[in-house]
Structure formats: structure tokens, C-alpha cells
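Trainee: One structure, pasted below without further comment.
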Amino acid sequence: MSGVKICAVTGSRAEFGQLLPLLRKLEEDDFFDLDLVVTGSHLSGGQGSTIDEIESSGIPVAERIPITGLNDNSRPGIASQIGEVSCSFSSYFDSHRPDLLIAIGDRYEMFGVGIAASTLLIPICHICGGSTTSGAIDEIYRHSLTKMSNIHFTTCDTYRKRVIQLGENPGSVFNVGSLAIENCLKAETLPRNDLLGQLGMDVEKPYCVVTFHPVTLEAESSEGELRELIAAFDMNPHYQYLITLSNADSGGDLINRIWTEEGRSRRNFFVVSSLGMKRYLTALKYSEMMIGNSSSGTTEGPAMKIPVIDIGDRQKGREFSACAIHCEPDRLSIDKAMKKAETREFREIAHNVVNPFGDGSTSEKMISVLKTSLSKGIDVKKDFFDIRFDIK
């Protein structure tokens with residue numbers, strides 16, 4: 001059996017960076033016929049036009065499907081975008097029907113893609129199911145994608161058990177580790193001074209990497225939390241702060257506007273739309289610490305052996321390593337966490353942290369499972385797997 005038609009979709013910078021090891025193997029293996037479809041913020045100049053990174057990777061782009069309402073980050077705007085994505089991808093899947101869709105993560109764009117594929121009875125392989133983020137609406141999209149999907153690749157055993165708890169057959173759920181960890185362990189990085197020079201940063205001064213996203217289930221609090229974070233940075237002027245802008249979540253435009261405005265008045269703020277995978281991993285590798293509320297703090301941060309300061313509730317419920325310091329979203333708590341991360345004792349903890357998300361062989365494991373599953377054939381009809389237990 002050869003030439004099984006695989007459609008992989010990416011809509012954001014984080015997705016593509018994680019998917020790249022798997023995409024390379026799919027592209028190189030004659031068993032698969034890969035179509036990479038690009039949508040979402042990749043095609044937006046305001047989000048850094050990350051389509052350029054995709055094109056430079058050498059992975060051919062089969063289709064570009066823009067989202068016309070992408071600049072509207074209001075809740076009604078995002079609801080409309082989900083509908084637009086479902087319509088656009090329904091048309092695409094109808095004329096370019098794949099044997100399998102690969103969907104990663106928990107973004108609302110991917111939720112719309114999943115609606116289209118599942119309605120057209122196209123089997124779905126979902127990557128990164130089973131985690132929880134009680135502070136973000138992504139929770140809803142992630143678990144919904146799990147229920148739409150037929151093959152599940154989770155990043156740790158805890159998440160595998162949670163997918164099974166959602167009623168998925170254990171034989172379809174595979175703990176393969178994280179593609180993000182594979183990138184950290186195997187991807188090429190730049191020399192420190194080359195990166196800092198490209199960004200106009202002082203090569204003699206230490207820096208922190210910062211990513212702060214809106215707390216999408218607590219919309220009113222995001223601006224206040226960001227102001228507290230900036231105040232904490234002003235309490236620690238001995239650092240440079242390399243700040244990557246928020247993604248296209250509800251409230252992300254406000255956060256990005258604040259970062260841009262505040263960055264103009266501070267010589268130690270360096271605000272960028274997107275770094276791309278190589279520069280991002282390089283930035284983490286040589287940083288003093290990672291600060292914010294990004295899921296990257298659960299994977300790339302520990303893999304790079306650096307302290308991670310996780311602020312607030314956005315990532316509440318995820319598996320974290322021992323190098324993470326959780327703190328409340330106020331300036332004093334953040335400052336206290338930064339002081340702890342600076343200590344020799346905690347830096348030693350970070351340096352020796354055990355990563356729970358795999359050994360860097362994730363894409364190889366995925367390819368093996370996909371070949372076996374596709375050779376046998378995937379039935380989109382599935383039964384709910386009941387777990388027997390007493391509820392009191």
C-alpha cells in the first residue's frame with residue numbers, strides 16, 4: 001500500500017513548529033502523499049506572515065485558505081471565523097478528499113477544520129489531546145476535537161488516560177511524547193550573539209523570553225494581569241525582555257497593542273510578532289528564564305533546562321515539570337517568582353529537570369502507528385468506550 005493521501009493543516013506559528021518533524025517524515029516516505037494546507041494567522045501580515053517560515057522549510061504548500069475575518073478577535077468575530085473555516089474546508093475536502101486529516105492542538109481554527117472533516121466522514125488523527133487548560137476556552141475545542149477523531153497521539157500517559165476517559169477506545173490512543181520536545185532535542189539553533197544581534201539586543205546583558213496570551217475565559221482580567229506583569233518587569237530592569245506577541249485569541253489584539261505601546265518607551269523591551277522555530281528555540285536556550293502563560297512553558301521550557309514562570313490560570317490543569325514556578329498575576333508575586341528563578345538552587349533544579357514528554361523520537365512513533373492503522377483501514381464509526389466505576 002502506498003500513496004495514502006494525508007492532509008495536515010496548520011493555522012498558527014506554534015502548530016507548524018511542532019508539526020515540522022512529522023511533516024518531514026510524511027513528505028519523505030513514499031507510503032504517504034502529503035498535502036499541507038495553510039490557514040489562519042500564517043497568512044496575516046499582522047501576525048508576522050509566518051507563511052514565509054513554512055515556505056523556507058521546503059515542505060510544499062498544497063493550498064492556502066485565508067480567513068477573511070481574522071482581524072476581528074471579539075467573541076462574535078471568532079464564532080464567525082469558525083463558521084467560515086468550516087465552510088472553506090468543507091469545499092476543500094469535498095474536492096481534495098484525503099484518506100486522513102492530521103489536526104494538532106486546540107485552536108478554534110482547527111475546531112472548524114474538524115467540524116468539516118468529521119461531517120464529511122474523513123478520519124481524523126488528533127495530536128495533543130487530553131490536556132486541560134481551565135483558564136482558556138481552548139479546553140472546549142481540544143476535547144471536541146478528541147471526540148471527532150479516530151487516532152489520538154498524546155504527549156504523556158496522564159493525557160492518554162484522559163482521552164480514554166472521554167470515551168475513546170484505548171487501542172486508538174497512543175502516548176508518543178511531544179513533537180515540541182523532539183524539536184528542542186534535535187533542531188538546529190543559532191549562536192547566542194547571532195540571535196541577539198539580529199534582534200538589536202545587547203549581547204552583554206541577560207534576557208528573559210516572554211509570551212503572554214489572554215485568559216480567554218476571564219476576558220476582563222487579561223489587561224490588568226498584563227499591566228501587573230509589565231510593572232514586575234519595571235522592578236527588574238537588569239534584564240532585557242524578548243516579548244513575542246499574543247496569538248489570535250479573543251483579546252489578543254488588546255494585549256499586542258499594549259506590548260507595542262509600552263515597548264516604545266522602554267529600551268529593555270524587544271517586541272516581535274514571531275521568531276520562527278529556530279530563533280525561538282535559540283532564544284529559550286540562552287535565556288535566564290521563560291515568563292508568561294504559554295503552553296510552551298510545559299514543553300520547550302523544561303526541554304531547554306530553564307526556569308519557567310507560569311502566571312495565572314490560563315494553563316491550569318496541564319502537566320508541568322519541576323522547573324516551573326506558578327504565581328498569581330500580580331507584580332509582587334511575579335517579582336517573587338523571578339527572584340526564586342534567579343537562585344543557584346532553582347537553576348540547578350531546572351538544569352536537572354526530568355522531562356515527562358518523551359525522548360525525542362515522537363515523529364518516528366507516529367509514523368509507525370499511522371502506517372499500521374492506515375494499512376488495516378480506519379472506520380469512522382466508533383463506539384463509546386465506557387470506563388466502569390462507581391459515582392457517588
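Every chain in the C-alpha cells takes a letter, A first, then B, and so on in the order presented; its residues are numbered from 1, and the ligands are numbered from 1 following the presented order.
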In stretch 4-228 of chain A, what's helix (DSSP H, G or I) per DSSP? Answer as a PyMOL selection string?

Mentor: chain A and resi 13-28+40-43+45-47+51-56+75-95+108-119+138-148+157-165+170-172+179-186+192-199+219-228

Trainee: What's around A:Gln315 at 12 Å? Count only C-alpha atoms, leave out sequence neighbours fewer than 3 positions away in its own chain, and write the answer as number ranges by chain.

Mentor: A: 131-139, 212-217, 292-298, 309-312, 318-320, 324, 326-327

Trainee: Could those selected residues go to a file with C-alpha atoms, as a short mmCIF file (atom, residue, chain, number, x, y, z; two decimals), in the first residue's frame?

Mentor:
```cif
data_model
loop_
_atom_site.label_atom_id
_atom_site.label_comp_id
_atom_site.auth_asym_id
_atom_site.auth_seq_id
_atom_site.Cartn_x
_atom_site.Cartn_y
_atom_site.Cartn_z
CA SER A 131 -4.57 18.02 28.47
CA THR A 132 -6.64 20.54 30.40
CA THR A 133 -6.48 24.34 30.49
CA SER A 134 -9.26 25.52 32.74
CA GLY A 135 -8.39 29.18 32.17
CA ALA A 136 -8.76 29.03 28.39
CA ILE A 137 -11.62 28.34 26.01
CA ASP A 138 -9.19 26.06 24.15
CA GLU A 139 -10.34 23.39 26.59
CA PHE A 212 1.53 36.32 27.46
CA HIS A 213 -1.81 35.29 25.99
CA PRO A 214 -5.29 36.44 27.03
CA VAL A 215 -7.06 34.40 29.67
CA THR A 216 -9.94 33.65 27.33
CA LEU A 217 -12.42 32.54 29.99
CA GLY A 292 4.18 34.21 30.85
CA ASN A 293 1.27 31.84 30.40
CA SER A 294 2.12 29.92 27.22
CA SER A 295 1.82 26.15 26.88
CA SER A 296 5.43 26.31 25.74
CA GLY A 297 6.27 26.52 29.43
CA THR A 298 5.21 22.89 29.81
CA ILE A 309 7.37 31.25 35.50
CA ASP A 310 3.74 30.36 34.83
CA ILE A 311 1.39 33.25 35.59
CA GLY A 312 -2.28 32.91 36.49
CA ARG A 318 -1.56 20.98 32.45
CA GLU A 319 1.35 18.75 33.42
CA PHE A 320 4.33 20.88 34.48
CA ALA A 324 8.06 25.65 36.78
CA HIS A 326 3.46 29.10 39.46
CA CYS A 327 2.44 32.54 40.65
#
```

Trainee: Sort by chain and increasing residue number a table of all residues of stretch 271-388 of chain A within 9 Å of stretch 178-188 of chain A, each with its closest pair of atoms and their distance in Å to one decimal, counting only C-alpha atoms, and write it as JSON lines.

Mentor:
```
{"residue": "A:Met277", "atom": "CA", "partner": "A:Asn183", "partner_atom": "CA", "distance": 8.6}
{"residue": "A:Lys278", "atom": "CA", "partner": "A:Glu188", "partner_atom": "CA", "distance": 6.7}
{"residue": "A:Leu281", "atom": "CA", "partner": "A:Cys184", "partner_atom": "CA", "distance": 6.8}
{"residue": "A:Thr282", "atom": "CA", "partner": "A:Glu188", "partner_atom": "CA", "distance": 8.6}
{"residue": "A:Ser296", "atom": "CA", "partner": "A:Ala180", "partner_atom": "CA", "distance": 8.4}
{"residue": "A:Thr299", "atom": "CA", "partner": "A:Ile181", "partner_atom": "CA", "distance": 6.3}
{"residue": "A:Glu300", "atom": "CA", "partner": "A:Ile181", "partner_atom": "CA", "distance": 6.2}
{"residue": "A:Pro302", "atom": "CA", "partner": "A:Ile181", "partner_atom": "CA", "distance": 8.9}
{"residue": "A:Ala303", "atom": "CA", "partner": "A:Ile181", "partner_atom": "CA", "distance": 6.2}
{"residue": "A:Met304", "atom": "CA", "partner": "A:Cys184", "partner_atom": "CA", "distance": 6.9}
{"residue": "A:Asn355", "atom": "CA", "partner": "A:Ile181", "partner_atom": "CA", "distance": 8.6}
{"residue": "A:Phe357", "atom": "CA", "partner": "A:Ser178", "partner_atom": "CA", "distance": 5.4}
{"residue": "A:Gly358", "atom": "CA", "partner": "A:Ser178", "partner_atom": "CA", "distance": 6.0}
{"residue": "A:Asp359", "atom": "CA", "partner": "A:Glu182", "partner_atom": "CA", "distance": 7.2}
{"residue": "A:Gly360", "atom": "CA", "partner": "A:Glu182", "partner_atom": "CA", "distance": 3.9}
{"residue": "A:Ser361", "atom": "CA", "partner": "A:Glu182", "partner_atom": "CA", "distance": 6.4}
{"residue": "A:Thr362", "atom": "CA", "partner": "A:Leu179", "partner_atom": "CA", "distance": 5.8}
{"residue": "A:Ser363", "atom": "CA", "partner": "A:Leu179", "partner_atom": "CA", "distance": 6.7}
```

Trainee: Restrict the selected residues to C-alpha atoms and save them as a PDB file, in the first residue's frame.

Mentor:
```pdb
ATOM      1  CA  MET A 277      11.095  27.962  15.373  1.00  0.00           C
ATOM      2  CA  LYS A 278      14.891  28.187  15.093  1.00  0.00           C
ATOM      3  CA  LEU A 281      14.397  27.730  20.464  1.00  0.00           C
ATOM      4  CA  THR A 282      17.665  29.661  20.374  1.00  0.00           C
ATOM      5  CA  SER A 296       5.428  26.310  25.735  1.00  0.00           C
ATOM      6  CA  THR A 299       7.338  21.563  26.948  1.00  0.00           C
ATOM      7  CA  GLU A 300      10.049  23.716  25.382  1.00  0.00           C
ATOM      8  CA  PRO A 302      11.814  22.197  30.525  1.00  0.00           C
ATOM      9  CA  ALA A 303      13.486  20.709  27.448  1.00  0.00           C
ATOM     10  CA  MET A 304      15.803  23.728  27.329  1.00  0.00           C
ATOM     11  CA  ASN A 355      11.087  15.910  31.030  1.00  0.00           C
ATOM     12  CA  PHE A 357       7.001  14.388  27.417  1.00  0.00           C
ATOM     13  CA  GLY A 358       9.148  11.893  25.546  1.00  0.00           C
ATOM     14  CA  ASP A 359      12.706  11.209  24.409  1.00  0.00           C
ATOM     15  CA  GLY A 360      12.740  12.983  21.049  1.00  0.00           C
ATOM     16  CA  SER A 361      11.531  10.045  18.937  1.00  0.00           C
ATOM     17  CA  THR A 362       7.898  11.190  18.713  1.00  0.00           C
ATOM     18  CA  SER A 363       7.635  11.537  14.925  1.00  0.00           C
TER      19      SER A 363
END
```

Trainee: Can you pull out every residue within 10 Å of A:Val380, counting only C-alpha atoms, but drop anything in the same chain fewer than 3 positions away, and send it as a list in words?

Mentor: Ser118, Leu121, Ile122, Pro123, Ile124, Met148, Ser149, Asn150, Gly377 and Asp383 of chain A

Trainee: Enumerate, as number ranges by chain, the complete set of residues in stretch 141-300 of chain A that a backbone-based DSSP assignment places in strand (DSSP E).

Mentor: A: 151-154, 173-175, 207-211, 240-244, 269-272, 290-292

Trainee: Can you write just those residues out, C-alpha atoms, as a short mmCIF file (atom, residue, chain, number, x, y, z; two decimals), in the first residue's frame?

Mentor:
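As a result, part04.cif now contains:
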```
data_model
loop_
_atom_site.label_atom_id
_atom_site.label_comp_id
_atom_site.auth_asym_id
_atom_site.auth_seq_id
_atom_site.Cartn_x
_atom_site.Cartn_y
_atom_site.Cartn_z
CA ILE A 151 -6.48 8.17 16.12
CA HIS A 152 -5.08 10.01 19.13
CA PHE A 153 -1.44 10.96 19.79
CA THR A 154 -0.98 12.22 23.36
CA VAL A 173 -4.86 6.27 21.91
CA PHE A 174 -1.06 6.36 21.77
CA ASN A 175 1.30 8.11 24.19
CA TYR A 207 17.39 38.47 28.96
CA CYS A 208 14.10 36.70 29.59
CA VAL A 209 11.70 35.29 26.99
CA VAL A 210 8.11 36.43 27.47
CA THR A 211 4.84 35.22 25.96
CA GLN A 240 16.20 42.60 28.69
CA TYR A 241 12.75 41.23 27.81
CA LEU A 242 12.25 39.47 24.48
CA ILE A 243 8.49 39.55 24.02
CA THR A 244 6.62 37.52 21.41
CA PHE A 269 11.72 45.67 25.76
CA PHE A 270 12.13 43.92 22.40
CA VAL A 271 8.72 43.12 20.93
CA VAL A 272 8.43 40.76 17.94
CA MET A 290 10.75 31.97 30.46
CA ILE A 291 7.88 34.13 31.73
CA GLY A 292 4.18 34.21 30.85
#
```
